[in-house]
Amino acid sequence: MFGKTVKELGDALRRKEFSSTELTTAYLEHSKALNKEVNAFITFDEEQTLAQAKLADEILSTDNATALTGIPIAHKDIWCAKDWITTCGSRMLENFRSPYDAHIIKRFKECGAVTLGKTNMDEFAMGSSNETSWFGNVKNPWDLGRVPGGSSGGSAAAVAADMTPASTGTDTGGSIRQPAALCGISGLKPTYGLVSRYGMIAFASSLDQGGPMAKSAEDLAILLEAMVSFDDKDSTSLEKPTVHYSSMINKSVKGLRIGIPKEYFSDEIAPDIQNGVQDALKEYEKLGAKLVDINLPTSPLSVAAYYVIAPAEASSNLSRFDGVRYGYRAPNYSDLNDMYAKTRAQGFGAEVKRRILIGTYVLSHGYYDAYYLKAQKVRRLISQDFAHAFKTCDMIMSPTTPSTAFKIGEKVSDPVQMYLSDTFTIAANLAGLPAMSIPCGLDRNQLPIGLQLIGNYFDEAGMIAAAHQYQCATDWHLKKPPLHNV
């Protein structure tokens, strides 16, 4: 069972090679055993999981099964799931049991998928290494002394270690693509508004977007078909015609114009990553694509703009966690104001507090125009750069990260260096563009290298097809970490 893709498992289930209950039980046992080393999961609920698997088996005995019926899927613990503990990686919500399902959780249930568990993450999705979680840092299956990336590091590590066939994540500044690159899996951030944010615990509402993480581009297509759906409970949800991504993956890349932004190929990138990405681009040329030089002149400002806009939105979104209605409450306090202060001081970690303080500062009187308004203007310029680039190319490719997985603790005391881990991914969030990461090599330490694909708005099908054609021609996505067979 282990090592198979979502597509392969789905086909095997429909051929009755094994039942969903058998498959789910095997993954539960395997995940619990490995979790002692990897710490990819925060919560398991065997009773609920096996009840869903039993229901899936009933559906599989009929003609109503979908491509996901009976498939166990892990969900980043930022998604609310009814009757599941939903922590968002924080002490603030360590005992919060959600009374409702997020829209995507509901969609997966309708497809007959099984919730395997809730994965570890940076607290409130704030981090690039999965070291800010109240529940301890996640370890990279390729090297347990290194980070898996963040904030969806638990989801990425779980897929890489084959603790789950697939998982969900969220991407605010690269939090699907960066851990996907560091863990050697495929991950996709859709166009902003394509996947409902209802039931996602908010970090930065104009940037947050949910997406799938899996072994292959083909699996991403299957998962995305379930996740994309208009939701009237989300004011930013977009109503678009249904796209069958999995039926379009065989589209040829012959004639595809691939934009190569010079700003994403600086000397600061590790040589192994430069070589791995260049080899991938040569492979695309062999497949018939054409490389086109482009400029994204404002993109170097994306990190600075992001770390004004995202904390500003976070300071507003996280004001609800005050100990009054739900979540952690300080045990000892003298009055209401003291309860607020102590609850937030004790309930939030250092990185979350840092971003709340930054966000409150840039929104305060006298600083709004100087920081927040300017950052929004830069955001508009970044979007315009992409619009101009897409006049001469169909897709943009670059490294996903400037380095492969770094050691645990290496950057935790230097926030600026940590923030620069997302230097190539943030611009797509600021512009609302779809983007994904796929494996394209290994460095000298046998750590995965990620290739980033950025598409024009709503071109998820084109990106997935381009990724699939590359994966048909290479085998980097089939490489397994040392923990795979443990």
# chains A, B, ... in the order shown; residues from 1 in each chain; ligands from 1
$ residues_around --residues "Glu225 of chain A" --least-positions-apart "4" --cutoff "9 Å" --atoms "only C-alpha atoms" --output "PDB file with C-alpha atoms, in the first residue's frame"
ATOM      1  CA  LEU A 220      -2.547  17.511  -7.197  1.00  0.00           C
ATOM      2  CA  ALA A 221      -5.024  17.600 -10.089  1.00  0.00           C
ATOM      3  CA  SER A 229     -15.789  25.147  -5.432  1.00  0.00           C
ATOM      4  CA  THR A 242     -15.802  23.599 -13.271  1.00  0.00           C
ATOM      5  CA  VAL A 243     -12.408  22.492 -14.567  1.00  0.00           C
ATOM      6  CA  HIS A 244     -11.468  18.810 -14.752  1.00  0.00           C
ATOM      7  CA  TYR A 245      -7.774  19.219 -14.090  1.00  0.00           C
ATOM      8  CA  SER A 246      -6.989  15.499 -14.146  1.00  0.00           C
TER       9      SER A 246
END
$ select_by_dssp --residues "segment 262-478 of chain A" --states "strand (DSSP E)" --output "PyMOL selection string"
chain A and resi 290-294+395-399+435-442+448-455
$ residues_around --residues "segment 417-419 of chain A" --least-positions-apart "3" --cutoff "9 Å" --atoms "only C-alpha atoms" --output "number ranges by chain"
A: 127-129, 303, 307, 411-414, 422-423
$ write_last_selection --atoms "N, CA and C atoms" --output "short mmCIF file (atom, residue, chain, number, x, y, z; two decimals), in the first residue's frame"
data_model
loop_
_atom_site.label_atom_id
_atom_site.label_comp_id
_atom_site.auth_asym_id
_atom_site.auth_seq_id
_atom_site.Cartn_x
_atom_site.Cartn_y
_atom_site.Cartn_z
N GLY A 127 5.66 31.36 10.09
CA GLY A 127 6.99 30.76 10.15
C GLY A 127 7.36 30.11 8.84
N SER A 128 8.66 29.86 8.67
CA SER A 128 9.16 29.25 7.44
C SER A 128 9.92 27.96 7.70
N SER A 129 9.82 27.45 8.93
CA SER A 129 10.63 26.27 9.26
C SER A 129 9.90 25.27 10.15
N VAL A 303 9.48 40.87 -0.24
CA VAL A 303 9.61 40.45 1.17
C VAL A 303 9.30 41.61 2.10
N TYR A 307 6.05 41.73 4.70
CA TYR A 307 6.19 41.80 6.15
C TYR A 307 5.70 43.12 6.74
N LYS A 411 18.36 29.29 11.96
CA LYS A 411 17.89 30.64 11.67
C LYS A 411 16.87 31.17 12.66
N VAL A 412 16.55 30.37 13.67
CA VAL A 412 15.44 30.73 14.56
C VAL A 412 15.72 32.01 15.35
N SER A 413 16.98 32.34 15.57
CA SER A 413 17.32 33.55 16.33
C SER A 413 17.53 34.77 15.44
N ASP A 414 17.37 34.58 14.11
CA ASP A 414 17.56 35.67 13.16
C ASP A 414 16.33 35.77 12.27
N ASP A 422 11.56 32.82 2.07
CA ASP A 422 10.41 32.90 1.18
C ASP A 422 10.59 33.93 0.08
N THR A 423 11.83 34.31 -0.18
CA THR A 423 12.08 35.43 -1.10
C THR A 423 11.56 35.19 -2.52
#
$ select_by_dssp --residues "segment 259-421 of chain A" --states "helix (DSSP H, G or I)" --output "JSON, numbers by chain"
{"A": [262, 263, 264, 271, 272, 273, 274, 275, 276, 277, 278, 279, 280, 281, 282, 283, 284, 285, 286, 299, 300, 301, 302, 303, 304, 305, 306, 307, 308, 309, 310, 311, 312, 313, 314, 315, 316, 317, 318, 319, 320, 336, 337, 338, 339, 340, 341, 342, 343, 344, 345, 346, 347, 350, 351, 352, 353, 354, 355, 356, 357, 358, 359, 360, 361, 362, 363, 368, 369, 370, 371, 372, 373, 374, 375, 376, 377, 378, 379, 380, 381, 382, 383, 384, 385, 386, 387, 388, 389, 415, 416, 417, 418, 419, 420, 421]}
$ closest_atom_pairs --of "segment 233-311 of chain A" --to "segment 462-475 of chain A" --cutoff "10 Å" --atoms "only C-alpha atoms" --output "Markdown table"
| residue | atom | partner | partner_atom | distance |
| --- | --- | --- | --- | --- |
| A:Tyr245 | CA | A:Ile464 | CA | 7.7 |
| A:Ser246 | CA | A:Ile464 | CA | 8.7 |
| A:Ser247 | CA | A:Ala465 | CA | 9.6 |
| A:Met248 | CA | A:Ala465 | CA | 6.6 |
| A:Ile249 | CA | A:Ala465 | CA | 4.1 |
| A:Asn250 | CA | A:Ala465 | CA | 6.1 |
| A:Lys251 | CA | A:Ala465 | CA | 5.8 |
| A:Ser252 | CA | A:Gln469 | CA | 7.2 |
| A:Val253 | CA | A:Ala466 | CA | 6.1 |
| A:Lys254 | CA | A:Ala466 | CA | 9.8 |
| A:Leu256 | CA | A:Ala466 | CA | 8.8 |
| A:Ala280 | CA | A:Tyr470 | CA | 8.1 |
| A:Leu281 | CA | A:Tyr470 | CA | 9.7 |
| A:Glu283 | CA | A:Tyr470 | CA | 7.4 |
| A:Tyr284 | CA | A:Tyr470 | CA | 7.0 |
| A:Lys286 | CA | A:Ala473 | CA | 9.8 |
| A:Leu287 | CA | A:Gln469 | CA | 8.2 |
| A:Ala289 | CA | A:Ala466 | CA | 9.7 |
$ write_last_selection --atoms "N, CA and C atoms" --output "mmCIF file, in the first residue's frame"
data_model
loop_
_atom_site.group_PDB
_atom_site.id
_atom_site.type_symbol
_atom_site.label_atom_id
_atom_site.label_comp_id
_atom_site.auth_asym_id
_atom_site.auth_seq_id
_atom_site.Cartn_x
_atom_site.Cartn_y
_atom_site.Cartn_z
ATOM 1 N N TYR A 245 -9.229 19.118 -13.963
ATOM 2 C CA TYR A 245 -7.774 19.219 -14.090
ATOM 3 C C TYR A 245 -7.130 17.896 -14.473
ATOM 4 N N SER A 246 -7.627 16.796 -13.907
ATOM 5 C CA SER A 246 -6.989 15.499 -14.146
ATOM 6 C C SER A 246 -7.147 15.022 -15.579
ATOM 7 N N SER A 247 -8.113 15.554 -16.297
ATOM 8 C CA SER A 247 -8.301 15.151 -17.696
ATOM 9 C C SER A 247 -7.438 15.974 -18.648
ATOM 10 N N MET A 248 -6.715 16.963 -18.104
ATOM 11 C CA MET A 248 -5.940 17.874 -18.948
ATOM 12 C C MET A 248 -4.433 17.751 -18.732
ATOM 13 N N ILE A 249 -4.029 16.745 -17.944
ATOM 14 C CA ILE A 249 -2.614 16.672 -17.559
ATOM 15 C C ILE A 249 -1.698 16.237 -18.698
ATOM 16 N N ASN A 250 -2.255 15.656 -19.742
ATOM 17 C CA ASN A 250 -1.421 15.164 -20.843
ATOM 18 C C ASN A 250 -1.178 16.208 -21.929
ATOM 19 N N LYS A 251 -1.583 17.433 -21.672
ATOM 20 C CA LYS A 251 -1.342 18.502 -22.636
ATOM 21 C C LYS A 251 0.153 18.704 -22.845
ATOM 22 N N SER A 252 0.576 18.754 -24.083
ATOM 23 C CA SER A 252 1.991 18.907 -24.418
ATOM 24 C C SER A 252 2.498 20.301 -24.033
ATOM 25 N N VAL A 253 3.786 20.372 -23.716
ATOM 26 C CA VAL A 253 4.404 21.675 -23.432
ATOM 27 C C VAL A 253 5.121 22.216 -24.670
ATOM 28 N N LYS A 254 4.961 21.543 -25.802
ATOM 29 C CA LYS A 254 5.599 22.008 -27.024
ATOM 30 C C LYS A 254 5.080 23.406 -27.378
ATOM 31 N N LEU A 256 5.396 25.969 -25.425
ATOM 32 C CA LEU A 256 5.174 26.737 -24.193
ATOM 33 C C LEU A 256 6.306 27.735 -23.999
ATOM 34 N N ALA A 280 16.532 21.341 -15.045
ATOM 35 C CA ALA A 280 15.087 21.188 -15.268
ATOM 36 C C ALA A 280 14.642 22.016 -16.472
ATOM 37 N N LEU A 281 15.178 23.219 -16.589
ATOM 38 C CA LEU A 281 14.819 24.078 -17.720
ATOM 39 C C LEU A 281 15.302 23.469 -19.041
ATOM 40 N N GLU A 283 15.493 20.322 -19.594
ATOM 41 C CA GLU A 283 14.561 19.222 -19.855
ATOM 42 C C GLU A 283 13.294 19.750 -20.529
ATOM 43 N N TYR A 284 12.841 20.912 -20.064
ATOM 44 C CA TYR A 284 11.665 21.520 -20.693
ATOM 45 C C TYR A 284 11.951 21.897 -22.150
ATOM 46 N N LYS A 286 13.955 20.278 -24.091
ATOM 47 C CA LYS A 286 13.900 19.003 -24.812
ATOM 48 C C LYS A 286 12.457 18.609 -25.119
ATOM 49 N N LEU A 287 11.537 18.985 -24.215
ATOM 50 C CA LEU A 287 10.123 18.657 -24.405
ATOM 51 C C LEU A 287 9.428 19.607 -25.375
ATOM 52 N N ALA A 289 9.546 23.209 -25.093
ATOM 53 C CA ALA A 289 9.259 24.546 -24.573
ATOM 54 C C ALA A 289 10.348 25.524 -25.006
#
$ closest_residue --among "A:Thr119, A:Asn64, A:Pro141, A:Ser196" --to "Ile105 of chain A" --atoms "only C-alpha atoms"
A:Ser196
$ residues_around --residues "Thr191 of chain A" --least-positions-apart "4" --cutoff "7 Å" --atoms "only C-alpha atoms" --output "number ranges by chain"
A: 432-434, 457-458
$ residues_around --residues "Arg97 of chain A" --least-positions-apart "6" --cutoff "8 Å" --atoms "only C-alpha atoms" --output "list of chain:residue names"
A:Lys82, A:Asp83, A:Trp84, A:Ile85, A:Thr86
$ residues_around --residues "Ile78 of chain A" --least-positions-apart "5" --cutoff "10 Å" --atoms "only C-alpha atoms" --output "list in words"
Thr86, Thr87, Cys88, Gly89, Ala102, Lys118, Thr119, Asn120, Met121, Asp122, Glu123, Phe124, Ala125, Ser152, Thr168, Gly169, Thr170, Gly199, Met200, Ile201, Ala202, Phe203 and Gly210 of chain A
$ decode --residues "segment 111-149 of chain A" --atoms "C-alpha atoms" --output "mmCIF file, in the first residue's frame"
data_model
loop_
_atom_site.group_PDB
_atom_site.id
_atom_site.type_symbol
_atom_site.label_atom_id
_atom_site.label_comp_id
_atom_site.auth_asym_id
_atom_site.auth_seq_id
_atom_site.Cartn_x
_atom_site.Cartn_y
_atom_site.Cartn_z
ATOM 1 C CA CYS A 111 -15.971 12.905 -2.222
ATOM 2 C CA GLY A 112 -15.729 10.071 0.309
ATOM 3 C CA ALA A 113 -12.175 10.880 1.440
ATOM 4 C CA VAL A 114 -11.088 9.907 4.964
ATOM 5 C CA THR A 115 -9.572 12.370 7.443
ATOM 6 C CA LEU A 116 -6.391 10.664 8.649
ATOM 7 C CA GLY A 117 -5.364 13.333 11.148
ATOM 8 C CA LYS A 118 -4.383 16.974 11.669
ATOM 9 C CA THR A 119 -0.817 17.971 10.821
ATOM 10 C CA ASN A 120 1.644 20.112 12.717
ATOM 11 C CA MET A 121 2.356 23.663 11.585
ATOM 12 C CA ASP A 122 4.005 26.928 12.538
ATOM 13 C CA GLU A 123 1.831 28.718 15.082
ATOM 14 C CA PHE A 124 -1.014 30.490 13.267
ATOM 15 C CA ALA A 125 0.914 29.759 10.036
ATOM 16 C CA MET A 126 3.627 32.254 11.013
ATOM 17 C CA GLY A 127 6.991 30.763 10.151
ATOM 18 C CA SER A 128 9.156 29.254 7.437
ATOM 19 C CA SER A 129 10.629 26.275 9.265
ATOM 20 C CA ASN A 130 7.915 24.736 11.466
ATOM 21 C CA GLU A 131 9.874 25.684 14.575
ATOM 22 C CA THR A 132 7.240 27.996 16.075
ATOM 23 C CA SER A 133 4.630 25.310 16.835
ATOM 24 C CA TRP A 134 3.504 24.987 20.458
ATOM 25 C CA PHE A 135 3.604 21.226 19.853
ATOM 26 C CA GLY A 136 7.284 21.100 18.925
ATOM 27 C CA ASN A 137 9.099 21.405 15.638
ATOM 28 C CA VAL A 138 8.571 19.024 12.751
ATOM 29 C CA LYS A 139 11.638 17.193 11.408
ATOM 30 C CA ASN A 140 12.496 16.723 7.769
ATOM 31 C CA PRO A 141 12.291 13.026 6.776
ATOM 32 C CA TRP A 142 15.341 13.476 4.521
ATOM 33 C CA ASP A 143 17.452 14.505 7.539
ATOM 34 C CA LEU A 144 15.954 14.575 11.025
ATOM 35 C CA GLY A 145 18.368 17.329 11.998
ATOM 36 C CA ARG A 146 16.872 19.710 9.445
ATOM 37 C CA VAL A 147 13.632 21.671 9.103
ATOM 38 C CA PRO A 148 10.833 20.625 6.732
ATOM 39 C CA GLY A 149 9.931 24.221 5.877
#
